[in-house]
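Shown here: protein.txt, compact mmCIF, N, CA and C atoms.
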# COMPACT_ATOMS: atom_id res chain seq x y z
N MET A 1 20.01 5.87 19.10
CA MET A 1 19.70 4.61 18.45
C MET A 1 18.91 4.89 17.17
N GLU A 2 19.30 4.26 16.06
CA GLU A 2 18.63 4.45 14.78
C GLU A 2 17.34 3.64 14.74
N PRO A 3 16.23 4.22 14.18
CA PRO A 3 14.98 3.46 14.11
C PRO A 3 15.13 2.24 13.21
N VAL A 4 14.37 1.19 13.53
CA VAL A 4 14.38 -0.04 12.75
C VAL A 4 13.66 0.23 11.43
N ARG A 5 14.28 -0.14 10.33
CA ARG A 5 13.71 0.09 9.00
C ARG A 5 12.89 -1.11 8.56
N SER A 6 11.71 -0.82 8.07
CA SER A 6 10.82 -1.87 7.58
C SER A 6 11.29 -2.37 6.22
N PRO A 7 11.18 -3.67 5.96
CA PRO A 7 11.54 -4.19 4.64
C PRO A 7 10.49 -3.90 3.56
N MET A 8 9.32 -3.38 3.98
CA MET A 8 8.26 -3.06 3.02
C MET A 8 7.65 -1.71 3.36
N THR A 9 7.58 -0.83 2.37
CA THR A 9 7.01 0.51 2.57
C THR A 9 6.13 0.87 1.39
N THR A 10 5.32 1.92 1.59
CA THR A 10 4.52 2.48 0.51
C THR A 10 4.49 3.99 0.67
N HIS A 11 4.14 4.66 -0.41
CA HIS A 11 4.07 6.12 -0.44
C HIS A 11 2.97 6.47 -1.43
N VAL A 12 1.99 7.27 -1.00
CA VAL A 12 0.88 7.62 -1.88
C VAL A 12 0.90 9.12 -2.14
N LEU A 13 0.89 9.46 -3.43
CA LEU A 13 0.85 10.87 -3.83
C LEU A 13 -0.47 11.16 -4.52
N ASP A 14 -1.13 12.22 -4.09
CA ASP A 14 -2.38 12.69 -4.68
C ASP A 14 -2.00 13.58 -5.86
N THR A 15 -2.08 13.04 -7.07
CA THR A 15 -1.64 13.80 -8.23
C THR A 15 -2.63 14.89 -8.63
N ALA A 16 -3.85 14.84 -8.12
CA ALA A 16 -4.83 15.89 -8.40
C ALA A 16 -4.45 17.18 -7.67
N SER A 17 -3.90 17.04 -6.46
CA SER A 17 -3.51 18.22 -5.68
C SER A 17 -2.01 18.49 -5.74
N GLY A 18 -1.26 17.47 -6.15
CA GLY A 18 0.19 17.60 -6.15
C GLY A 18 0.80 17.46 -4.76
N LEU A 19 0.04 16.87 -3.84
CA LEU A 19 0.47 16.73 -2.45
C LEU A 19 0.46 15.27 -2.01
N PRO A 20 1.15 14.95 -0.93
CA PRO A 20 1.06 13.60 -0.37
C PRO A 20 -0.39 13.29 0.04
N ALA A 21 -0.78 12.04 -0.08
CA ALA A 21 -2.13 11.60 0.29
C ALA A 21 -2.14 11.22 1.77
N GLN A 22 -2.33 12.19 2.62
CA GLN A 22 -2.34 11.98 4.07
C GLN A 22 -3.66 11.35 4.52
N GLY A 23 -3.58 10.38 5.44
CA GLY A 23 -4.77 9.80 6.05
C GLY A 23 -5.48 8.76 5.22
N LEU A 24 -4.83 8.22 4.21
CA LEU A 24 -5.45 7.19 3.38
C LEU A 24 -5.29 5.83 4.07
N CYS A 25 -6.41 5.14 4.28
CA CYS A 25 -6.38 3.83 4.94
C CYS A 25 -5.90 2.77 3.95
N LEU A 26 -5.03 1.88 4.43
CA LEU A 26 -4.54 0.80 3.59
C LEU A 26 -4.38 -0.46 4.41
N CYS A 27 -4.36 -1.57 3.71
CA CYS A 27 -4.25 -2.87 4.35
C CYS A 27 -3.25 -3.72 3.59
N LEU A 28 -2.34 -4.35 4.30
CA LEU A 28 -1.40 -5.30 3.72
C LEU A 28 -1.86 -6.70 4.06
N SER A 29 -1.96 -7.56 3.03
CA SER A 29 -2.38 -8.94 3.22
C SER A 29 -1.41 -9.86 2.49
N ARG A 30 -1.43 -11.12 2.91
CA ARG A 30 -0.59 -12.15 2.27
C ARG A 30 -1.49 -13.32 1.90
N LEU A 31 -1.28 -13.86 0.69
CA LEU A 31 -2.07 -15.00 0.24
C LEU A 31 -1.61 -16.25 0.99
N LYS A 32 -2.55 -16.94 1.57
CA LYS A 32 -2.23 -18.11 2.38
C LYS A 32 -2.02 -19.33 1.49
N ASP A 33 -0.80 -19.85 1.48
CA ASP A 33 -0.46 -21.10 0.80
C ASP A 33 -0.97 -21.18 -0.64
N HIS A 34 -0.84 -20.11 -1.39
CA HIS A 34 -1.25 -20.05 -2.80
C HIS A 34 -2.69 -20.48 -3.00
N GLY A 35 -3.50 -20.27 -2.00
CA GLY A 35 -4.93 -20.59 -2.12
C GLY A 35 -5.70 -19.35 -2.50
N GLN A 36 -6.90 -19.24 -2.00
CA GLN A 36 -7.75 -18.09 -2.30
C GLN A 36 -7.98 -17.21 -1.07
N GLN A 37 -7.40 -17.55 0.06
CA GLN A 37 -7.66 -16.83 1.29
C GLN A 37 -6.51 -15.87 1.63
N TRP A 38 -6.88 -14.61 1.84
CA TRP A 38 -5.90 -13.60 2.22
C TRP A 38 -5.87 -13.45 3.73
N THR A 39 -4.67 -13.30 4.29
CA THR A 39 -4.49 -13.05 5.72
C THR A 39 -4.05 -11.61 5.90
N GLU A 40 -4.82 -10.84 6.64
CA GLU A 40 -4.46 -9.45 6.89
C GLU A 40 -3.27 -9.40 7.84
N LEU A 41 -2.22 -8.68 7.42
CA LEU A 41 -1.01 -8.54 8.25
C LEU A 41 -0.96 -7.20 8.96
N ARG A 42 -1.47 -6.16 8.32
CA ARG A 42 -1.38 -4.83 8.91
C ARG A 42 -2.41 -3.91 8.27
N ARG A 43 -3.06 -3.11 9.09
CA ARG A 43 -3.96 -2.05 8.62
C ARG A 43 -3.41 -0.76 9.19
N SER A 44 -3.31 0.26 8.35
CA SER A 44 -2.69 1.50 8.79
C SER A 44 -3.18 2.66 7.94
N TYR A 45 -2.66 3.86 8.23
CA TYR A 45 -2.97 5.08 7.49
C TYR A 45 -1.68 5.75 7.06
N THR A 46 -1.73 6.43 5.93
CA THR A 46 -0.57 7.18 5.50
C THR A 46 -0.36 8.39 6.41
N ASP A 47 0.90 8.73 6.61
CA ASP A 47 1.27 9.86 7.48
C ASP A 47 1.19 11.18 6.70
N PRO A 48 1.53 12.32 7.30
CA PRO A 48 1.44 13.61 6.61
C PRO A 48 2.26 13.69 5.32
N ASP A 49 3.26 12.84 5.19
CA ASP A 49 4.07 12.81 3.97
C ASP A 49 3.54 11.77 2.97
N GLY A 50 2.37 11.17 3.25
CA GLY A 50 1.79 10.18 2.37
C GLY A 50 2.44 8.81 2.46
N ARG A 51 3.26 8.62 3.48
CA ARG A 51 4.01 7.36 3.62
C ARG A 51 3.42 6.47 4.70
N CYS A 52 3.66 5.19 4.54
CA CYS A 52 3.33 4.21 5.57
C CYS A 52 4.57 3.33 5.69
N PRO A 53 5.53 3.78 6.49
CA PRO A 53 6.85 3.15 6.47
C PRO A 53 6.93 1.78 7.13
N GLY A 54 6.20 1.50 8.16
CA GLY A 54 6.40 0.27 8.92
C GLY A 54 5.38 -0.81 8.65
N LEU A 55 5.22 -1.18 7.40
CA LEU A 55 4.22 -2.20 7.08
C LEU A 55 4.57 -3.56 7.68
N LEU A 56 5.84 -3.91 7.65
CA LEU A 56 6.31 -5.16 8.25
C LEU A 56 7.56 -4.87 9.08
N LEU A 57 7.73 -5.62 10.12
CA LEU A 57 8.96 -5.53 10.90
C LEU A 57 10.03 -6.41 10.26
N PRO A 58 11.30 -6.08 10.46
CA PRO A 58 12.35 -6.97 9.94
C PRO A 58 12.13 -8.39 10.47
N GLY A 59 12.26 -9.36 9.60
CA GLY A 59 12.05 -10.75 9.98
C GLY A 59 10.64 -11.25 9.73
N GLN A 60 9.67 -10.34 9.51
CA GLN A 60 8.28 -10.75 9.26
C GLN A 60 8.01 -11.14 7.82
N MET A 61 8.83 -10.62 6.90
CA MET A 61 8.56 -10.86 5.49
C MET A 61 8.99 -12.27 5.09
N LYS A 62 8.10 -12.93 4.35
CA LYS A 62 8.36 -14.27 3.83
C LYS A 62 8.09 -14.24 2.33
N ALA A 63 8.69 -15.14 1.61
CA ALA A 63 8.39 -15.25 0.18
C ALA A 63 6.91 -15.58 0.03
N GLY A 64 6.28 -15.00 -0.98
CA GLY A 64 4.87 -15.26 -1.21
C GLY A 64 4.21 -14.15 -2.00
N ILE A 65 2.89 -14.21 -2.07
CA ILE A 65 2.10 -13.23 -2.79
C ILE A 65 1.44 -12.30 -1.77
N TYR A 66 1.61 -11.01 -1.99
CA TYR A 66 1.11 -9.98 -1.08
C TYR A 66 0.14 -9.07 -1.83
N LYS A 67 -0.68 -8.36 -1.04
CA LYS A 67 -1.63 -7.42 -1.62
C LYS A 67 -1.70 -6.18 -0.73
N LEU A 68 -1.58 -5.02 -1.34
CA LEU A 68 -1.85 -3.75 -0.67
C LEU A 68 -3.19 -3.26 -1.18
N THR A 69 -4.13 -3.02 -0.28
CA THR A 69 -5.45 -2.51 -0.63
C THR A 69 -5.55 -1.09 -0.09
N PHE A 70 -5.81 -0.14 -0.96
CA PHE A 70 -5.92 1.27 -0.61
C PHE A 70 -7.39 1.67 -0.67
N ASP A 71 -7.93 2.23 0.42
CA ASP A 71 -9.33 2.65 0.48
C ASP A 71 -9.45 4.05 -0.13
N THR A 72 -9.47 4.09 -1.46
CA THR A 72 -9.47 5.37 -2.16
C THR A 72 -10.82 6.09 -2.08
N GLU A 73 -11.90 5.35 -2.02
CA GLU A 73 -13.22 5.97 -1.95
C GLU A 73 -13.36 6.85 -0.71
N SER A 74 -12.97 6.32 0.44
CA SER A 74 -13.06 7.11 1.68
C SER A 74 -12.15 8.33 1.63
N TYR A 75 -10.96 8.14 1.06
CA TYR A 75 -10.01 9.25 0.94
C TYR A 75 -10.63 10.39 0.13
N TRP A 76 -11.22 10.09 -1.03
CA TRP A 76 -11.79 11.14 -1.88
C TRP A 76 -13.07 11.72 -1.27
N LYS A 77 -13.87 10.89 -0.63
CA LYS A 77 -15.11 11.40 0.00
C LYS A 77 -14.79 12.43 1.07
N LYS A 78 -13.74 12.19 1.87
CA LYS A 78 -13.33 13.16 2.90
C LYS A 78 -12.96 14.51 2.29
N ARG A 79 -12.60 14.50 1.03
CA ARG A 79 -12.19 15.72 0.34
C ARG A 79 -13.32 16.29 -0.54
N GLY A 80 -14.52 15.69 -0.41
CA GLY A 80 -15.66 16.16 -1.18
C GLY A 80 -15.54 15.91 -2.67
N GLN A 81 -14.83 14.85 -3.02
CA GLN A 81 -14.53 14.55 -4.42
C GLN A 81 -15.11 13.20 -4.82
N ASP A 82 -15.84 13.16 -5.94
CA ASP A 82 -16.26 11.89 -6.51
C ASP A 82 -15.03 11.21 -7.08
N SER A 83 -15.11 9.88 -7.20
CA SER A 83 -13.99 9.15 -7.78
C SER A 83 -14.51 7.91 -8.51
N PHE A 84 -13.68 7.36 -9.36
CA PHE A 84 -14.05 6.21 -10.18
C PHE A 84 -13.74 4.89 -9.49
N TYR A 85 -12.63 4.82 -8.76
CA TYR A 85 -12.18 3.58 -8.13
C TYR A 85 -12.48 3.61 -6.63
N PRO A 86 -13.33 2.71 -6.13
CA PRO A 86 -13.61 2.68 -4.69
C PRO A 86 -12.41 2.19 -3.88
N TYR A 87 -11.59 1.37 -4.48
CA TYR A 87 -10.35 0.92 -3.83
C TYR A 87 -9.36 0.53 -4.92
N VAL A 88 -8.11 0.47 -4.53
CA VAL A 88 -7.06 0.02 -5.44
C VAL A 88 -6.36 -1.15 -4.77
N GLU A 89 -6.23 -2.25 -5.49
CA GLU A 89 -5.50 -3.41 -4.99
C GLU A 89 -4.25 -3.60 -5.85
N VAL A 90 -3.13 -3.68 -5.17
CA VAL A 90 -1.86 -3.94 -5.84
C VAL A 90 -1.35 -5.28 -5.33
N VAL A 91 -1.30 -6.27 -6.21
CA VAL A 91 -0.88 -7.62 -5.85
C VAL A 91 0.51 -7.84 -6.43
N PHE A 92 1.40 -8.35 -5.61
CA PHE A 92 2.79 -8.53 -6.05
C PHE A 92 3.41 -9.74 -5.38
N THR A 93 4.48 -10.24 -5.98
CA THR A 93 5.16 -11.44 -5.50
C THR A 93 6.51 -11.07 -4.91
N ILE A 94 6.81 -11.64 -3.76
CA ILE A 94 8.12 -11.50 -3.13
C ILE A 94 8.80 -12.86 -3.19
N THR A 95 9.94 -12.91 -3.84
CA THR A 95 10.67 -14.16 -3.94
C THR A 95 11.93 -14.16 -3.07
N ASN A 96 12.42 -12.97 -2.75
CA ASN A 96 13.63 -12.86 -1.93
C ASN A 96 13.32 -11.99 -0.72
N GLU A 97 13.15 -12.64 0.42
CA GLU A 97 12.74 -11.90 1.62
C GLU A 97 13.85 -11.06 2.24
N THR A 98 15.04 -11.10 1.68
CA THR A 98 16.13 -10.26 2.20
C THR A 98 16.16 -8.89 1.52
N HIS A 99 15.40 -8.73 0.43
CA HIS A 99 15.35 -7.44 -0.27
C HIS A 99 14.36 -6.50 0.42
N LYS A 100 14.49 -5.23 0.14
CA LYS A 100 13.52 -4.23 0.59
C LYS A 100 12.56 -3.97 -0.56
N PHE A 101 11.30 -3.69 -0.23
CA PHE A 101 10.27 -3.45 -1.24
C PHE A 101 9.55 -2.15 -0.93
N HIS A 102 9.45 -1.29 -1.95
CA HIS A 102 8.74 -0.02 -1.84
C HIS A 102 7.70 0.00 -2.95
N VAL A 103 6.43 0.18 -2.58
CA VAL A 103 5.33 0.14 -3.55
C VAL A 103 4.61 1.48 -3.53
N PRO A 104 5.03 2.43 -4.39
CA PRO A 104 4.36 3.73 -4.45
C PRO A 104 3.05 3.66 -5.22
N LEU A 105 2.15 4.60 -4.91
CA LEU A 105 0.88 4.72 -5.62
C LEU A 105 0.69 6.19 -5.97
N LEU A 106 0.52 6.48 -7.24
CA LEU A 106 0.17 7.82 -7.71
C LEU A 106 -1.32 7.79 -7.98
N LEU A 107 -2.06 8.69 -7.34
CA LEU A 107 -3.51 8.58 -7.29
C LEU A 107 -4.20 9.87 -7.68
N SER A 108 -5.24 9.73 -8.52
CA SER A 108 -6.16 10.83 -8.80
C SER A 108 -7.57 10.25 -8.70
N PRO A 109 -8.60 11.08 -8.72
CA PRO A 109 -9.96 10.53 -8.64
C PRO A 109 -10.32 9.61 -9.81
N TRP A 110 -9.60 9.73 -10.93
CA TRP A 110 -9.98 9.01 -12.13
C TRP A 110 -8.93 8.04 -12.64
N SER A 111 -7.79 7.97 -11.96
CA SER A 111 -6.75 7.06 -12.43
C SER A 111 -5.76 6.77 -11.30
N TYR A 112 -4.92 5.77 -11.53
CA TYR A 112 -3.83 5.48 -10.61
C TYR A 112 -2.71 4.78 -11.36
N THR A 113 -1.51 4.88 -10.79
CA THR A 113 -0.33 4.23 -11.33
C THR A 113 0.48 3.70 -10.16
N THR A 114 1.09 2.56 -10.34
CA THR A 114 1.96 2.01 -9.32
C THR A 114 3.17 1.37 -9.98
N TYR A 115 4.19 1.15 -9.21
CA TYR A 115 5.43 0.56 -9.72
C TYR A 115 6.25 0.06 -8.53
N ARG A 116 7.26 -0.72 -8.80
CA ARG A 116 8.16 -1.14 -7.73
C ARG A 116 9.23 -0.06 -7.59
N GLY A 117 9.22 0.59 -6.46
CA GLY A 117 10.18 1.64 -6.20
C GLY A 117 11.41 1.11 -5.51
N SER A 118 12.24 2.03 -5.07
CA SER A 118 13.47 1.61 -4.39
C SER A 118 13.56 2.22 -3.00

Just dump the structure as structure tokens.
Amino acid sequence: MEPVRSPMTTHVLDTASGLPAQGLCLCLSRLKDHGQQWTELRRSYTDPDGRCPGLLLPGQMKAGIYKLTFDTESYWKKRGQDSFYPYVEVVFTITNETHKFHVPLLLSPWSYTTYRGS
């Protein structure tokens, strides 16, 4: 039996080391009714490949505004590294819940980049 594929995934690469960012804590939230309150949907850690594949189960995704929060300060502290950003928040809009969404993060102690992946 083939594993169920999540409609939303992320992948974090540590560009300072050139390796996947293993063990980075992240949280997926959804904005409640276009207000100011975020609802936490999932808290997880990146795997040895820097991925967090199962953020949502099929059928859980709804149109709306979502946020991925990456606890970068703890990640760098575990490695004995100072950093500039204590956390990274990536806020994005989903308008078509039938699409798949991949949100990669390229991370160093002093910068980050993100984009909509495939």

Quiz prompt | Between atom C of A:Pro86 and atom N of A:Thr114 - distance in Å to one decimal | solution = 15.0 Å

Quiz item: Can you tell me how far atom CA of A:Asn96 sits from atom CA of A:Thr113, in Å to one decimal?
Solution: 24.0 Å

Self-check item: Those in stretch 27-91 of chain A with strand (DSSP E) from DSSP, as a PyMOL selection string
Solution: chain A and resi 27-31+38-45+51-52+64-70+88-91

Quiz prompt | Answer as a list in words, residues within 6 Å of (5.0, 3.9, -4.6) using all atoms listed in the file | solution =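 Selection result: Thr10, His11, Val12, His102, Val103, Pro104, Leu105, Leu106, Thr114, Tyr115 and Gly117 of chain A.
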
Quiz prompt | For atom CA of A:Lys67 and atom C of A:Ser44, the interatomic separation in Å (one decimal) | solution =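 If I compute the distance from atom CA of A:Lys67 to atom C of A:Ser44, I get 14.0 Å.
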